[in-house]
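What follows is data28.cif (mmCIF, C-alpha atoms).
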data_run
loop_
_atom_site.group_PDB
_atom_site.id
_atom_site.type_symbol
_atom_site.label_atom_id
_atom_site.label_comp_id
_atom_site.auth_asym_id
_atom_site.auth_seq_id
_atom_site.Cartn_x
_atom_site.Cartn_y
_atom_site.Cartn_z
ATOM 1 C CA MET A 1 -18.188 -7.992 9.249
ATOM 2 C CA VAL A 2 -16.392 -11.282 8.684
ATOM 3 C CA VAL A 3 -15.583 -13.298 11.786
ATOM 4 C CA MET A 4 -12.951 -15.964 11.346
ATOM 5 C CA GLN A 5 -11.274 -18.351 13.725
ATOM 6 C CA GLY A 6 -7.490 -18.564 13.613
ATOM 7 C CA TRP A 7 -7.509 -22.167 12.469
ATOM 8 C CA GLU A 8 -9.739 -21.178 9.524
ATOM 9 C CA LEU A 9 -7.271 -18.510 8.475
ATOM 10 C CA ARG A 10 -4.377 -20.995 8.721
ATOM 11 C CA SER A 11 -6.331 -23.577 6.762
ATOM 12 C CA LEU A 12 -7.071 -21.099 3.961
ATOM 13 C CA ARG A 13 -3.440 -19.955 3.814
ATOM 14 C CA GLN A 14 -2.075 -23.485 3.697
ATOM 15 C CA ALA A 15 -4.626 -24.569 1.077
ATOM 16 C CA ALA A 16 -3.475 -21.627 -1.076
ATOM 17 C CA GLY A 17 0.135 -22.831 -0.755
ATOM 18 C CA LEU A 18 1.323 -19.626 0.923
ATOM 19 C CA THR A 19 3.789 -19.076 3.732
ATOM 20 C CA LEU A 20 3.204 -16.822 6.716
ATOM 21 C CA ARG A 21 5.870 -14.522 5.325
ATOM 22 C CA GLN A 22 4.210 -14.153 1.905
ATOM 23 C CA VAL A 23 0.818 -13.327 3.382
ATOM 24 C CA ALA A 24 2.276 -10.955 5.965
ATOM 25 C CA ARG A 25 4.308 -9.027 3.388
ATOM 26 C CA ALA A 26 1.409 -8.586 0.966
ATOM 27 C CA ALA A 27 -0.926 -7.546 3.798
ATOM 28 C CA GLY A 28 1.555 -5.069 5.274
ATOM 29 C CA THR A 29 1.900 -6.739 8.653
ATOM 30 C CA LYS A 30 4.473 -8.795 10.510
ATOM 31 C CA GLU A 31 4.829 -12.533 10.140
ATOM 32 C CA SER A 32 4.540 -12.863 13.925
ATOM 33 C CA ASN A 33 1.156 -11.110 13.792
ATOM 34 C CA VAL A 34 -0.187 -13.522 11.177
ATOM 35 C CA ALA A 35 1.048 -16.466 13.265
ATOM 36 C CA ALA A 36 -0.684 -14.997 16.336
ATOM 37 C CA TYR A 37 -3.934 -14.539 14.390
ATOM 38 C CA GLU A 38 -3.754 -18.141 13.236
ATOM 39 C CA ARG A 39 -3.122 -19.412 16.789
ATOM 40 C CA GLY A 40 -5.989 -17.317 18.108
ATOM 41 C CA ALA A 41 -3.595 -15.399 20.385
ATOM 42 C CA LYS A 42 -4.581 -12.144 18.650
ATOM 43 C CA THR A 43 -7.648 -11.069 16.721
ATOM 44 C CA ALA A 44 -7.176 -9.209 13.451
ATOM 45 C CA ASN A 45 -9.285 -6.077 13.041
ATOM 46 C CA ALA A 46 -11.602 -5.900 10.026
ATOM 47 C CA GLY A 47 -9.102 -4.042 7.821
ATOM 48 C CA THR A 48 -6.238 -6.406 8.582
ATOM 49 C CA LEU A 49 -8.437 -9.456 8.080
ATOM 50 C CA ALA A 50 -9.585 -8.102 4.709
ATOM 51 C CA ARG A 51 -5.959 -7.627 3.615
ATOM 52 C CA LEU A 52 -5.005 -11.109 4.807
ATOM 53 C CA LEU A 53 -7.924 -12.736 2.991
ATOM 54 C CA ALA A 54 -7.171 -10.817 -0.206
ATOM 55 C CA ALA A 55 -3.524 -11.920 -0.062
ATOM 56 C CA ILE A 56 -4.600 -15.529 0.445
ATOM 57 C CA LYS A 57 -7.226 -15.418 -2.298
ATOM 58 C CA ALA A 58 -4.629 -14.215 -4.818
ATOM 59 C CA GLY A 59 -2.871 -17.578 -4.415
ATOM 60 C CA ALA A 60 0.726 -18.754 -4.519
ATOM 61 C CA LYS A 61 1.097 -18.145 -8.261
ATOM 62 C CA SER A 62 0.122 -14.491 -7.983
ATOM 63 C CA PRO A 63 2.874 -12.074 -9.043
ATOM 64 C CA VAL A 64 2.224 -10.339 -5.725
ATOM 65 C CA HIS A 65 3.754 -13.361 -3.979
ATOM 66 C CA VAL A 66 6.055 -14.732 -6.687
ATOM 67 C CA ASN A 67 7.764 -11.354 -7.221
ATOM 68 C CA ASN A 68 7.451 -10.098 -3.616
ATOM 69 C CA LEU A 69 5.670 -6.998 -4.850
ATOM 70 C CA MET A 70 5.482 -3.913 -2.696
ATOM 71 C CA THR A 71 1.707 -3.629 -2.312
ATOM 72 C CA VAL A 72 0.093 -0.439 -1.057
ATOM 73 C CA ALA A 73 -0.308 -2.089 2.369
ATOM 74 C CA ALA A 74 3.330 -3.243 2.375
ATOM 75 C CA THR A 75 4.404 0.257 1.363
ATOM 76 C CA ALA A 76 2.378 1.885 4.145
ATOM 77 C CA SER A 77 3.966 -0.481 6.647
ATOM 78 C CA ALA A 78 7.486 0.202 5.331
ATOM 79 C CA VAL A 79 6.850 3.967 5.319
ATOM 80 C CA ARG A 80 5.601 3.814 8.923
ATOM 81 C CA GLU A 81 8.776 1.973 9.965
ATOM 82 C CA ALA A 82 11.042 4.345 8.012
ATOM 83 C CA LEU A 83 9.402 7.378 9.608
ATOM 84 C CA ARG A 84 9.815 5.858 13.080
ATOM 85 C CA ASP A 85 13.505 5.351 12.274
ATOM 86 C CA GLY A 86 13.778 9.033 11.314
ATOM 87 C CA ARG A 87 14.782 8.357 7.725
ATOM 88 C CA PRO A 88 14.664 11.424 5.441
ATOM 89 C CA ASP A 89 11.691 11.905 3.122
ATOM 90 C CA VAL A 90 13.798 11.306 0.000
ATOM 91 C CA GLU A 91 14.647 7.822 1.298
ATOM 92 C CA VAL A 92 11.038 7.132 2.216
ATOM 93 C CA LEU A 93 10.009 8.134 -1.306
ATOM 94 C CA ARG A 94 12.108 5.233 -2.646
ATOM 95 C CA LEU A 95 9.624 2.851 -1.036
ATOM 96 C CA VAL A 96 6.775 4.616 -2.825
ATOM 97 C CA ARG A 97 8.631 4.480 -6.147
ATOM 98 C CA GLN A 98 9.097 0.740 -5.693
ATOM 99 C CA MET A 99 5.338 0.354 -5.177
ATOM 100 C CA ILE A 100 4.645 2.354 -8.341
ATOM 101 C CA SER A 101 7.095 0.213 -10.307
ATOM 102 C CA ASP A 102 5.618 -3.019 -8.907
ATOM 103 C CA SER A 103 2.079 -1.975 -9.848
ATOM 104 C CA LYS A 104 2.757 -2.932 -13.485
ATOM 105 C CA TRP A 105 2.723 -6.626 -12.549
ATOM 106 C CA VAL A 106 -0.864 -6.786 -11.299
ATOM 107 C CA ARG A 107 -3.687 -7.485 -13.709
ATOM 108 C CA SER A 108 -6.163 -10.054 -12.399
ATOM 109 C CA GLU A 109 -8.977 -8.974 -10.090
ATOM 110 C CA ASP A 110 -7.520 -10.971 -7.186
ATOM 111 C CA ASP A 111 -4.060 -9.448 -7.700
ATOM 112 C CA LEU A 112 -5.548 -5.956 -7.906
ATOM 113 C CA ALA A 113 -7.601 -6.531 -4.738
ATOM 114 C CA THR A 114 -4.441 -7.617 -2.923
ATOM 115 C CA PHE A 115 -2.198 -4.894 -4.314
ATOM 116 C CA TYR A 116 -4.646 -2.047 -3.677
ATOM 117 C CA ALA A 117 -6.188 -3.264 -0.398
ATOM 118 C CA ARG A 118 -6.820 -0.473 2.085
ATOM 119 C CA PRO A 119 -3.581 -0.041 4.048
ATOM 120 C CA SER A 120 -3.096 0.753 7.691
ATOM 121 C CA THR A 121 -2.026 4.311 8.375
ATOM 122 C CA THR A 122 1.587 5.321 7.976
ATOM 123 C CA GLY A 123 1.183 7.506 11.036
ATOM 124 C CA ASP A 124 1.615 10.617 8.918
ATOM 125 C CA GLN A 125 -1.336 12.194 7.064
ATOM 126 C CA ARG A 126 0.932 13.453 4.292
ATOM 127 C CA TRP A 127 2.140 9.977 3.371
ATOM 128 C CA ASP A 128 -1.364 8.535 3.789
ATOM 129 C CA ALA A 129 -2.645 11.152 1.319
ATOM 130 C CA MET A 130 0.197 10.372 -1.080
ATOM 131 C CA LEU A 131 -0.552 6.636 -1.030
ATOM 132 C CA ALA A 132 -4.284 7.241 -1.547
ATOM 133 C CA GLY A 133 -3.586 9.622 -4.427
ATOM 134 C CA LEU A 134 -1.184 7.201 -6.065
ATOM 135 C CA ALA A 135 -3.587 4.272 -5.682
ATOM 136 C CA GLU A 136 -6.188 6.365 -7.486
ATOM 137 C CA HIS A 137 -3.725 7.619 -10.097
ATOM 138 C CA LEU A 138 -2.377 4.168 -10.990
ATOM 139 C CA ASN A 139 -5.844 2.687 -11.360
ATOM 140 C CA VAL A 140 -7.191 5.567 -13.448
ATOM 141 C CA LEU A 141 -4.122 5.352 -15.708
ATOM 142 C CA HIS A 142 -5.130 1.781 -16.548
ATOM 143 C CA GLY A 143 -8.831 2.513 -16.997
ATOM 144 C CA ARG A 144 -9.893 1.045 -13.663
ATOM 145 C CA ARG A 145 -11.952 2.538 -10.875
ATOM 146 C CA ALA A 146 -10.001 3.837 -7.918
ATOM 147 C CA PRO A 147 -10.374 1.818 -4.716
ATOM 148 C CA ALA A 148 -13.229 3.168 -2.569
ATOM 149 C CA TRP A 149 -10.907 3.778 0.387
ATOM 150 C CA THR A 150 -9.013 6.482 -1.536
ATOM 151 C CA THR A 151 -11.875 8.999 -1.402
ATOM 152 C CA GLY A 152 -11.677 11.692 1.217
ATOM 153 C CA SER A 153 -7.952 11.259 1.900
ATOM 154 C CA GLY A 154 -6.531 14.765 1.804
ATOM 155 C CA LEU A 155 -4.604 17.415 3.659
ATOM 156 C CA ASP A 156 -5.777 20.740 5.064
ATOM 157 C CA HIS A 157 -2.874 22.520 3.371
ATOM 158 C CA PHE A 158 -0.416 21.760 0.570
ATOM 159 C CA TRP A 159 2.596 19.591 1.275
ATOM 160 C CA PHE A 160 5.338 20.511 -1.163
ATOM 161 C CA PHE A 161 7.576 17.468 -1.205
ATOM 162 C CA GLY A 162 11.202 18.451 -1.637
ATOM 163 C CA THR A 163 13.590 20.994 -0.273
ATOM 164 C CA ASP A 164 13.830 23.812 -2.802
ATOM 165 C CA PRO A 165 10.866 26.260 -2.778
ATOM 166 C CA ALA A 166 12.132 27.729 -6.067
ATOM 167 C CA PHE A 167 10.740 24.662 -7.825
ATOM 168 C CA ASP A 168 7.338 24.574 -6.068
ATOM 169 C CA ALA A 169 5.455 26.050 -9.051
ATOM 170 C CA LEU A 170 7.057 23.584 -11.475
ATOM 171 C CA SER A 171 6.327 20.703 -9.101
ATOM 172 C CA PHE A 172 2.718 21.825 -8.796
ATOM 173 C CA THR A 173 2.155 21.631 -12.554
ATOM 174 C CA SER A 174 3.832 18.217 -12.926
ATOM 175 C CA THR A 175 2.092 16.619 -9.938
ATOM 176 C CA PRO A 176 -0.532 14.023 -10.894
ATOM 177 C CA THR A 177 -4.021 15.463 -10.350
ATOM 178 C CA SER A 178 -5.000 12.732 -7.877
ATOM 179 C CA LEU A 179 -2.179 13.890 -5.607
ATOM 180 C CA ARG A 180 -2.653 17.610 -6.117
ATOM 181 C CA VAL A 181 -6.355 17.497 -5.137
ATOM 182 C CA ARG A 182 -5.282 15.839 -1.881
ATOM 183 C CA GLY A 183 -2.774 18.598 -1.141
ATOM 184 C CA VAL A 184 0.315 16.569 -2.048
ATOM 185 C CA VAL A 185 2.683 18.305 -4.463
ATOM 186 C CA VAL A 186 5.560 16.223 -5.761
ATOM 187 C CA ASP A 187 7.272 16.483 -9.122
ATOM 188 C CA GLY A 188 5.977 13.646 -11.295
ATOM 189 C CA ALA A 189 9.547 12.817 -12.296
ATOM 190 C CA ALA A 190 10.421 12.197 -8.640
ATOM 191 C CA LEU A 191 7.863 9.367 -8.606
ATOM 192 C CA GLU A 192 9.571 7.477 -11.431
ATOM 193 C CA SER A 193 12.113 4.751 -10.752
ATOM 194 C CA VAL A 194 15.493 5.252 -12.295
#
Kindly present the structure from the file in structure tokens form.
Amino acid sequence: MVVMQGWELRSLRQAAGLTLRQVARAAGTKESNVAAYERGAKTANAGTLARLLAAIKAGAKSPVHVNNLMTVAATASAVREALRDGRPDVEVLRLVRQMISDSKWVRSEDDLATFYARPSTTGDQRWDAMLAGLAEHLNVLHGRRAPAWTTGSGLDHFWFFGTDPAFDALSFTSTPTSLRVRGVVVDGAALESV
């Protein structure tokens, strides 16, 4: 376990030429949290610290920061907020589609580590399983190993995403395997940005 003083975190961030906002967005946390970690007013747990360090290591020229990419951690955070606000699933799925679209920009090891860092929970097992399945799917598509955190993320029963049961069988066949094995059934076309 890495132990880091707040001033060390601030020093690393500043040396990388990154703002609080850039690091917070990539790591899927609030800017005020990062500032509190740097002041020593709060202590980041191991998962949060790992995401922060990955975001810093990627550097200011990383497409993650330059293009404000929706990382998996940023997506989990946005999904959690959208669910708290009671937004409908079809709106929440737009956040996931943005993440999928943004994944095309990451190529270097540091960018990949930042983009696919283990996220905090969304607060909903279904969405957690979807994000894990998509992280695996996107990496396998590009010939990379899936992040270790994606293993074991599944549901006890199938979640058929959508509102019309008449299309469940069609959705099942077009769902990426990495989602289907986790119990998430969503038409592959619904995951594509328009």
Report task. Find the residues around region 105-117 of chain A up to 6 Å (all atoms listed in the file counted), leave out those fewer than 6 positions away in its own chain, and share them as a ChimeraX atom specification. Result -> /A:51,54-55,58,71-72
Query - Residues within 9 Å of Gln22 (chain A), all atoms listed in the file, excluding chain neighbours under 6 positions, as a VMD selection string - result: chain A and resid 31 55 60 64 to 66 68
**Report entry** Residues within 10 Å of Ala73 (chain A), only C-alpha atoms, excluding chain neighbours under 6 positions, as a count of residues only
**Finding:** 20
Requested in this report: Please identify all polymer residues within 8 Å of Ser101 (chain A), counting all atoms listed in the file, omitting same-chain residues fewer than 4 positions from it, and present them as a list in words.
Outcome: Arg97, Glu192 and Ser193 of chain A
Mind dumping the selected residues with C-alpha atoms as an mmCIF file, in the coordinates of the input?
data_model
loop_
_atom_site.group_PDB
_atom_site.id
_atom_site.type_symbol
_atom_site.label_atom_id
_atom_site.label_comp_id
_atom_site.auth_asym_id
_atom_site.auth_seq_id
_atom_site.Cartn_x
_atom_site.Cartn_y
_atom_site.Cartn_z
ATOM 1 C CA ARG A 97 8.631 4.480 -6.147
ATOM 2 C CA GLU A 192 9.571 7.477 -11.431
ATOM 3 C CA SER A 193 12.113 4.751 -10.752
#
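Going from CA of Asp89 (chain A) over to CA of Leu52 (chain A), you cover 28.5 Å.
Evaluated on this file, the PyMOL selection byres ((chain A and resi 39) around 9) matches Gln5, Gly6, Trp7, Arg10, Val34, Ala35, Ala36, Tyr37, Glu38, Gly40, Ala41 and Lys42 of chain A.
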Query raised in the report: Using the chain letters and numbers from the file, which residues does the PyMOL selection byres ((chain A and resi 156) around 10) grab, as a ChimeraX atom specification?
Result: /A:125-126,154-155,157-159,182-183
Expand the PyMOL selection byres ((chain A and resi 151) around 10) into the explicit residue set it covers here, and present it as a PDB file with C-alpha atoms, in the coordinates of the input.
ATOM      1  CA  ALA A 129      -2.645  11.152   1.319  1.00  0.00           C
ATOM      2  CA  ALA A 132      -4.284   7.241  -1.547  1.00  0.00           C
ATOM      3  CA  GLY A 133      -3.586   9.622  -4.427  1.00  0.00           C
ATOM      4  CA  GLU A 136      -6.188   6.365  -7.486  1.00  0.00           C
ATOM      5  CA  ALA A 146     -10.001   3.837  -7.918  1.00  0.00           C
ATOM      6  CA  PRO A 147     -10.374   1.818  -4.716  1.00  0.00           C
ATOM      7  CA  ALA A 148     -13.229   3.168  -2.569  1.00  0.00           C
ATOM      8  CA  TRP A 149     -10.907   3.778   0.387  1.00  0.00           C
ATOM      9  CA  THR A 150      -9.013   6.482  -1.536  1.00  0.00           C
ATOM     10  CA  GLY A 152     -11.677  11.692   1.217  1.00  0.00           C
ATOM     11  CA  SER A 153      -7.952  11.259   1.900  1.00  0.00           C
ATOM     12  CA  GLY A 154      -6.531  14.765   1.804  1.00  0.00           C
ATOM     13  CA  ARG A 182      -5.282  15.839  -1.881  1.00  0.00           C
TER      14      ARG A 182
END
Query raised in the report: Any idea what's packed within 7 Å of Asp102 (chain A), counting all atoms listed in the file, ignoring anything in its chain fewer than 4 positions away? Could you give it as a ChimeraX atom specification?
Result: /A:69-70,98
Could you write out the selected residues, including C-alpha atoms, as a PDB file, keeping the file's coordinate frame?
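What landed in again_1.pdb:
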ATOM      1  CA  LEU A  69       5.670  -6.998  -4.850  1.00  0.00           C
ATOM      2  CA  MET A  70       5.482  -3.913  -2.696  1.00  0.00           C
ATOM      3  CA  GLN A  98       9.097   0.740  -5.693  1.00  0.00           C
TER       4      GLN A  98
END
Requested in this report: Could you check how far CA of Phe172 (chain A) sits from CA of Val185 (chain A), in Å to one decimal?
Outcome: 5.6 Å
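Put simply, CA of Pro88 (chain A) is 12.8 Å away from CA of Trp127 (chain A).
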Edge lengths and centre in Å to one decimal, as AutoDock Vina command-line options, is what I'm after for the box along x, y and z that holds all listed atoms of region 104-121 of chain A once 8 Å is added on each side.
--center_x -3.1 --center_y -3.3 --center_z -2.7 --size_x 27.7 --size_y 31.3 --size_z 38.1
**Report entry** Counting all atoms listed in the file, the option among A:Val181, A:Val186, A:Ala50, A:Leu141 closest to Asp168 (chain A)
**Finding:** A:Val186
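Considering the residues A:Val96, A:Ile56, A:Met130, A:Leu12 and counting all atoms listed in the file, Val184 (chain A) has its shortest atom-to-atom contact with A:Met130.
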Query raised in the report: Need the neighbours of (9.7, 9.9, -3.5): which residues are at most 6 Å away, counting only C-alpha atoms, as JSON, numbers by chain?
Result: {"A": [90, 93, 94, 190, 191]}
Pull C-alpha atoms from the residues just selected and write them as a compact mmCIF listing (two decimals), in the frame of the given file.
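Resulting contents of part33.txt:
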# COMPACT_ATOMS: atom_id res chain seq x y z
CA VAL A 90 13.80 11.31 0.00
CA LEU A 93 10.01 8.13 -1.31
CA ARG A 94 12.11 5.23 -2.65
CA ALA A 190 10.42 12.20 -8.64
CA LEU A 191 7.86 9.37 -8.61
Atoms are missing here; could region 84-111 of chain A be completed with N, CA and C atoms and written as a tab-separated table (two decimals), in the frame of the given file?
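Contents of selection-v7.tsv, as written:
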chain	number	residue	atom	x	y	z
A	84	ARG	N	9.44	6.10	11.67
A	84	ARG	CA	9.82	5.86	13.08
A	84	ARG	C	11.33	5.88	13.25
A	85	ASP	N	12.04	5.38	12.22
A	85	ASP	CA	13.50	5.35	12.27
A	85	ASP	C	14.13	6.71	11.96
A	86	GLY	N	13.28	7.69	11.59
A	86	GLY	CA	13.78	9.03	11.31
A	86	GLY	C	14.47	9.16	9.96
A	87	ARG	N	14.16	8.27	9.04
A	87	ARG	CA	14.78	8.36	7.72
A	87	ARG	C	14.25	9.58	6.98
A	88	PRO	N	15.09	10.22	6.18
A	88	PRO	CA	14.66	11.42	5.44
A	88	PRO	C	13.60	11.09	4.39
A	89	ASP	N	12.78	12.09	4.08
A	89	ASP	CA	11.69	11.90	3.12
A	89	ASP	C	12.16	11.36	1.78
A	90	VAL	N	13.33	11.78	1.30
A	90	VAL	CA	13.80	11.31	0.00
A	90	VAL	C	14.05	9.80	0.03
A	91	GLU	N	14.46	9.27	1.17
A	91	GLU	CA	14.65	7.82	1.30
A	91	GLU	C	13.29	7.11	1.38
A	92	VAL	N	12.37	7.72	2.08
A	92	VAL	CA	11.04	7.13	2.22
A	92	VAL	C	10.36	7.08	0.85
A	93	LEU	N	10.61	8.10	0.03
A	93	LEU	CA	10.01	8.13	-1.31
A	93	LEU	C	10.46	6.95	-2.16
A	94	ARG	N	11.64	6.41	-1.89
A	94	ARG	CA	12.11	5.23	-2.65
A	94	ARG	C	11.16	4.05	-2.47
A	95	LEU	N	10.60	3.92	-1.29
A	95	LEU	CA	9.62	2.85	-1.04
A	95	LEU	C	8.39	3.05	-1.91
A	96	VAL	N	7.95	4.28	-2.01
A	96	VAL	CA	6.78	4.62	-2.82
A	96	VAL	C	7.07	4.36	-4.30
A	97	ARG	N	8.26	4.73	-4.74
A	97	ARG	CA	8.63	4.48	-6.15
A	97	ARG	C	8.65	2.98	-6.46
A	98	GLN	N	9.09	2.19	-5.49
A	98	GLN	CA	9.10	0.74	-5.69
A	98	GLN	C	7.67	0.23	-5.88
A	99	MET	N	6.74	0.74	-5.05
A	99	MET	CA	5.34	0.35	-5.18
A	99	MET	C	4.81	0.72	-6.57
A	100	ILE	N	5.10	1.92	-7.02
A	100	ILE	CA	4.64	2.35	-8.34
A	100	ILE	C	5.19	1.42	-9.42
A	101	SER	N	6.47	1.11	-9.34
A	101	SER	CA	7.10	0.21	-10.31
A	101	SER	C	6.46	-1.17	-10.26
A	102	ASP	N	6.20	-1.68	-9.07
A	102	ASP	CA	5.62	-3.02	-8.91
A	102	ASP	C	4.18	-3.10	-9.39
A	103	SER	N	3.49	-1.97	-9.45
A	103	SER	CA	2.08	-1.98	-9.85
A	103	SER	C	1.87	-2.51	-11.27
A	104	LYS	N	2.89	-2.47	-12.09
A	104	LYS	CA	2.76	-2.93	-13.48
A	104	LYS	C	2.54	-4.44	-13.59
A	105	TRP	N	2.83	-5.17	-12.52
A	105	TRP	CA	2.72	-6.63	-12.55
A	105	TRP	C	1.32	-7.14	-12.25
A	106	VAL	N	0.45	-6.30	-11.73
A	106	VAL	CA	-0.86	-6.79	-11.30
A	106	VAL	C	-1.92	-6.54	-12.37
A	107	ARG	N	-2.66	-7.60	-12.67
A	107	ARG	CA	-3.69	-7.48	-13.71
A	107	ARG	C	-5.00	-8.16	-13.32
A	108	SER	N	-4.92	-9.34	-12.72
A	108	SER	CA	-6.16	-10.05	-12.40
A	108	SER	C	-6.89	-9.35	-11.25
A	109	GLU	N	-8.17	-9.60	-11.15
A	109	GLU	CA	-8.98	-8.97	-10.09
A	109	GLU	C	-8.44	-9.31	-8.71
A	110	ASP	N	-8.04	-10.58	-8.50
A	110	ASP	CA	-7.52	-10.97	-7.19
A	110	ASP	C	-6.19	-10.27	-6.88
A	111	ASP	N	-5.33	-10.15	-7.89
A	111	ASP	CA	-4.06	-9.45	-7.70
A	111	ASP	C	-4.30	-7.97	-7.39
